[in-house]
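Colleague: Have a look at this one before I ask anything.
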Amino acid sequence: MTVLFEPFAYLFFQKGLAVAGISGALLGLIGVFIVLRGMSYIGHGLSHSIFGGFAAMQLFAAKFYAIGAGLWGIASALAITAVTKRSRVGADAAIGVITIASFAFGVALFAKFGTSGPSFENALFGSILGITTGQIVGLVAVSILTSMFVFLRYRALLFSSFDPDVAAVSGVNVGRIEAALMVVLSLAILATLTVIGVTLVAAMLVIPAVIARMLTNSFGRMLAYSTVIGMFCGLIGMYLSYFADVPSGTMIVLVGAFLFIVVLSSTGRRGLRRSAGLDRHPEDILPVKSR
Amino acid sequence: MTGTGVGPELIRLDGVSASYDRAVVLEDVSFHIHEDQFTGIVGPSGAGKTTLLRLLLQTLTPTTGTVWRAPDLRVAYVPQLETVNWNFPITVFDCVLMSRKSTRIRPWASASEKASVFEVLDRLGIGELSKRHIRELSGGQQQRMFLARALIRQPQLLLLDEPTSGVDISTRHDIMHLLADLHEDGVAIVLTTHDLNGIATHLPHLVCVNGRIVGEGTPNEVMTPTVLERTYGAQMEILEHLGVRLVVDQAPNFDSTKLKI
């Protein structure tokens, strides 16, 4: 029995557990918008893109890697938004090029010059080790910022997620909301990167939100459920990773995947129907094809 | 219901052209909407009906010409049902509430907001459906919900894109009666439609579009073989039944005996 409580005796584990729980909740909260707006691929791409900034800052100014990678992430997010809106290249292809090129740049820097901060593997898959107080403060700050953004701009976020064109006609500044959402998303990815890992962040943006959607038809409840489910996955995944001796991000995602299967089995067709086509963005109300 | 537009102007397009990726969709359009107007925009697919709506909504910038809009004009828009994401997790109540103008910071509805949502839902006869998910409604109820979302903004001008597309005849009648009532209450209405006999012929004012405005006036003025051929590029005949004009295709120019039964 004492074996089960053994990890709680270590400070690094306590820190890791707190960070994993908050990270899961943060990604669960913001993941609702990512999933409902059909931005899952952007989330995936953005996490890879930030890796480039992360690696570059390790090289030039390791102390300030969070700031540098954050700026890199925000710049990538805004570039992706612009490309998605204006490019004649397909949005998926454009995002793939921008973000994976940034990722490749990061890999090249890591391979050539090594790192003075987190290891390459830890950056990719997350690690419980080496979590600093500064990282915890940063994560809490981003979580508070994100919660305030969602609380204060709830209706604008809801309207622009459900029906962006009518929202724009009704006075919602959809462009500004989208840009703010991308900035918050990139900050959330950056803040959770060390524990969840670059390659697994996208999964934690999607899994809690999809599970929550299978459980409810209400937007408000979906936000609450997704946040709680994300936190649950973070806490349990981190706890199990200690015993399994695998990277924390890996186990957090596996717990999420397991929960997804359990909920899918128990909700059956109802859950499937609810989550089907979640990323189907309503086409532009005034599409070129049907003018 | 006059609806031909003699009251004060709400929106005016002067010599407006619009294009997407350099492909000109509408050319040299001049079009006025007045306070008491009830207009149907008709034309074939790709004629520019939706582009015209988009210009009126000011979500599209014209390449030439000017768009004037009355100061502080309240406009509401009802999209095509086909464009809605029906899997989005939202109830009827929340769908209507999202459109209400509010300076309130807290996300949940105040007592007065709840009252105004239920007032408009009851007015449209769907008050008891407020807690339902939007996908659990019939086609007519869905259209009423989006009308409620538009009406909660107390618009002076209501724009609707194919409001009767994909609904049965009874629902179509219900929707048109609702729109007629709103018009009686002083809301100017502009809608697009493909339905010449079911909708267009019953409206007080029509605009025929095919890359430009090829006809404008009452159904008696524009539902003529000449205007319809210029609009649709096909020959059509006009019949009159109980004072209402009905459009029929001329005999098909293919051999129908070759069709397999």
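Residue numbering restarts at 1 in every chain; chains get A, B, ... in the order shown in the structure tokens, and ligands count up from 1 in that same order.
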Taking the chain letters and numbering used in this document, name the residues of range 112-186 of chain A that DSSP puts in helix (DSSP H, G or I), as a PyMOL selection string.

Modeller: chain A and resi 112-113+120-125+133-152+154-162+164-169+174-186

Colleague: Only residues of chain B matter here; which ones have an atom within 9 Å of chain A, counting only C-alpha atoms? Give them as number ranges by chain.

Modeller: B: 20, 25, 45-54, 57-59, 74-80, 82-91, 94-95, 97-101, 105-107, 132-133, 153, 161

Colleague: With only C-alpha atoms as the basis for distance, which of B:Glu216, B:Asp72, B:Glu229, B:Asp36 is at the shortest distance from His183 in chain B?

Modeller: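 The shortest atom-to-atom distance to His183 in chain B comes from B:Asp36.
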
Colleague: Env of Val206 in chain A: 9 Å cut, atoms = only C-alpha atoms, seq-sep filter 4 positions within chain, self excluded. Answer as JSON, numbers by chain.

Modeller: {"A": [27, 28, 31, 32, 34, 35, 40, 43, 201, 202, 210, 211]}

Colleague: With N, CA and C atoms retained, export the selected residues as a PDB file, in the first residue's frame.

Modeller:
ATOM      1  N   LEU A  27      -5.482  22.689 -21.309  1.00  0.00           N
ATOM      2  CA  LEU A  27      -5.641  22.188 -22.680  1.00  0.00           C
ATOM      3  C   LEU A  27      -7.077  21.710 -22.913  1.00  0.00           C
ATOM      4  N   GLY A  28      -7.687  21.148 -21.877  1.00  0.00           N
ATOM      5  CA  GLY A  28      -9.082  20.721 -22.004  1.00  0.00           C
ATOM      6  C   GLY A  28     -10.002  21.898 -22.260  1.00  0.00           C
ATOM      7  N   GLY A  31      -9.181  23.423 -25.659  1.00  0.00           N
ATOM      8  CA  GLY A  31      -9.412  22.412 -26.698  1.00  0.00           C
ATOM      9  C   GLY A  31     -10.840  22.414 -27.230  1.00  0.00           C
ATOM     10  N   VAL A  32     -11.793  22.842 -26.386  1.00  0.00           N
ATOM     11  CA  VAL A  32     -13.192  22.901 -26.829  1.00  0.00           C
ATOM     12  C   VAL A  32     -13.314  23.796 -28.062  1.00  0.00           C
ATOM     13  N   ILE A  34     -10.858  24.679 -30.051  1.00  0.00           N
ATOM     14  CA  ILE A  34     -10.038  24.140 -31.138  1.00  0.00           C
ATOM     15  C   ILE A  34     -10.828  23.067 -31.894  1.00  0.00           C
ATOM     16  N   VAL A  35     -11.498  22.205 -31.151  1.00  0.00           N
ATOM     17  CA  VAL A  35     -12.250  21.117 -31.774  1.00  0.00           C
ATOM     18  C   VAL A  35     -13.480  21.658 -32.515  1.00  0.00           C
ATOM     19  N   SER A  40      -8.168  21.542 -35.117  1.00  0.00           N
ATOM     20  CA  SER A  40      -7.308  20.517 -34.514  1.00  0.00           C
ATOM     21  C   SER A  40      -5.953  20.458 -35.206  1.00  0.00           C
ATOM     22  N   GLY A  43      -3.757  23.241 -34.091  1.00  0.00           N
ATOM     23  CA  GLY A  43      -3.174  22.957 -32.784  1.00  0.00           C
ATOM     24  C   GLY A  43      -1.981  22.037 -32.908  1.00  0.00           C
ATOM     25  N   VAL A 201       0.878  17.325 -27.294  1.00  0.00           N
ATOM     26  CA  VAL A 201      -0.013  18.417 -26.890  1.00  0.00           C
ATOM     27  C   VAL A 201      -1.307  18.397 -27.708  1.00  0.00           C
ATOM     28  N   ALA A 202      -1.166  18.166 -29.001  1.00  0.00           N
ATOM     29  CA  ALA A 202      -2.342  18.198 -29.881  1.00  0.00           C
ATOM     30  C   ALA A 202      -3.389  17.184 -29.423  1.00  0.00           C
ATOM     31  N   VAL A 210     -13.483  16.076 -27.113  1.00  0.00           N
ATOM     32  CA  VAL A 210     -14.330  15.105 -27.816  1.00  0.00           C
ATOM     33  C   VAL A 210     -15.104  14.248 -26.804  1.00  0.00           C
ATOM     34  N   ILE A 211     -14.421  13.855 -25.731  1.00  0.00           N
ATOM     35  CA  ILE A 211     -15.121  13.072 -24.692  1.00  0.00           C
ATOM     36  C   ILE A 211     -16.263  13.912 -24.107  1.00  0.00           C
TER      37      ILE A 211
END

Colleague: List the spatial neighbours of range 104-106 of chain A as a ChimeraX atom specification - criterion: any atom at most 10 Å away, only C-alpha atoms, same-chain residues fewer than 4 positions off excluded.

Modeller: /A:48-58,99-100,110-112,120

Colleague: Can you write just those residues out, N, CA and C atoms, as a PDB file, in the first residue's frame?

Modeller:
ATOM      1  N   HIS A  48       4.184  21.887 -33.047  1.00  0.00           N
ATOM      2  CA  HIS A  48       5.431  21.559 -33.747  1.00  0.00           C
ATOM      3  C   HIS A  48       6.204  22.818 -34.094  1.00  0.00           C
ATOM      4  N   SER A  49       5.458  23.846 -34.463  1.00  0.00           N
ATOM      5  CA  SER A  49       6.102  25.094 -34.845  1.00  0.00           C
ATOM      6  C   SER A  49       6.846  25.706 -33.667  1.00  0.00           C
ATOM      7  N   ILE A  50       6.213  25.687 -32.511  1.00  0.00           N
ATOM      8  CA  ILE A  50       6.818  26.273 -31.317  1.00  0.00           C
ATOM      9  C   ILE A  50       8.134  25.576 -30.972  1.00  0.00           C
ATOM     10  N   PHE A  51       8.217  24.307 -31.330  1.00  0.00           N
ATOM     11  CA  PHE A  51       9.438  23.544 -31.078  1.00  0.00           C
ATOM     12  C   PHE A  51      10.641  24.222 -31.752  1.00  0.00           C
ATOM     13  N   GLY A  52      10.429  24.793 -32.923  1.00  0.00           N
ATOM     14  CA  GLY A  52      11.510  25.493 -33.629  1.00  0.00           C
ATOM     15  C   GLY A  52      12.025  26.661 -32.803  1.00  0.00           C
ATOM     16  N   GLY A  53      11.096  27.461 -32.280  1.00  0.00           N
ATOM     17  CA  GLY A  53      11.478  28.597 -31.443  1.00  0.00           C
ATOM     18  C   GLY A  53      12.128  28.147 -30.160  1.00  0.00           C
ATOM     19  N   PHE A  54      11.600  27.080 -29.608  1.00  0.00           N
ATOM     20  CA  PHE A  54      12.128  26.489 -28.385  1.00  0.00           C
ATOM     21  C   PHE A  54      13.601  26.116 -28.577  1.00  0.00           C
ATOM     22  N   ALA A  55      13.894  25.431 -29.672  1.00  0.00           N
ATOM     23  CA  ALA A  55      15.263  24.987 -29.948  1.00  0.00           C
ATOM     24  C   ALA A  55      16.183  26.174 -30.231  1.00  0.00           C
ATOM     25  N   ALA A  56      15.672  27.142 -30.986  1.00  0.00           N
ATOM     26  CA  ALA A  56      16.502  28.292 -31.336  1.00  0.00           C
ATOM     27  C   ALA A  56      16.891  29.071 -30.088  1.00  0.00           C
ATOM     28  N   MET A  57      15.929  29.248 -29.181  1.00  0.00           N
ATOM     29  CA  MET A  57      16.219  30.019 -27.985  1.00  0.00           C
ATOM     30  C   MET A  57      17.145  29.256 -27.036  1.00  0.00           C
ATOM     31  N   GLN A  58      17.079  27.924 -27.071  1.00  0.00           N
ATOM     32  CA  GLN A  58      18.021  27.126 -26.279  1.00  0.00           C
ATOM     33  C   GLN A  58      19.447  27.469 -26.691  1.00  0.00           C
ATOM     34  N   THR A  99       4.512  24.942 -40.290  1.00  0.00           N
ATOM     35  CA  THR A  99       4.772  24.410 -38.956  1.00  0.00           C
ATOM     36  C   THR A  99       5.803  23.281 -38.964  1.00  0.00           C
ATOM     37  N   ILE A 100       5.713  22.417 -39.932  1.00  0.00           N
ATOM     38  CA  ILE A 100       6.666  21.298 -39.944  1.00  0.00           C
ATOM     39  C   ILE A 100       8.055  21.778 -40.344  1.00  0.00           C
ATOM     40  N   PHE A 110      18.831  21.248 -32.607  1.00  0.00           N
ATOM     41  CA  PHE A 110      19.108  20.313 -31.506  1.00  0.00           C
ATOM     42  C   PHE A 110      20.228  19.350 -31.897  1.00  0.00           C
ATOM     43  N   ALA A 111      20.132  18.813 -33.113  1.00  0.00           N
ATOM     44  CA  ALA A 111      21.100  17.818 -33.564  1.00  0.00           C
ATOM     45  C   ALA A 111      22.490  18.422 -33.703  1.00  0.00           C
ATOM     46  N   LYS A 112      22.541  19.655 -34.189  1.00  0.00           N
ATOM     47  CA  LYS A 112      23.834  20.275 -34.480  1.00  0.00           C
ATOM     48  C   LYS A 112      24.502  20.815 -33.216  1.00  0.00           C
ATOM     49  N   PHE A 120      16.159  16.726 -25.990  1.00  0.00           N
ATOM     50  CA  PHE A 120      15.345  16.602 -27.197  1.00  0.00           C
ATOM     51  C   PHE A 120      14.135  15.695 -26.926  1.00  0.00           C
TER      52      PHE A 120
END
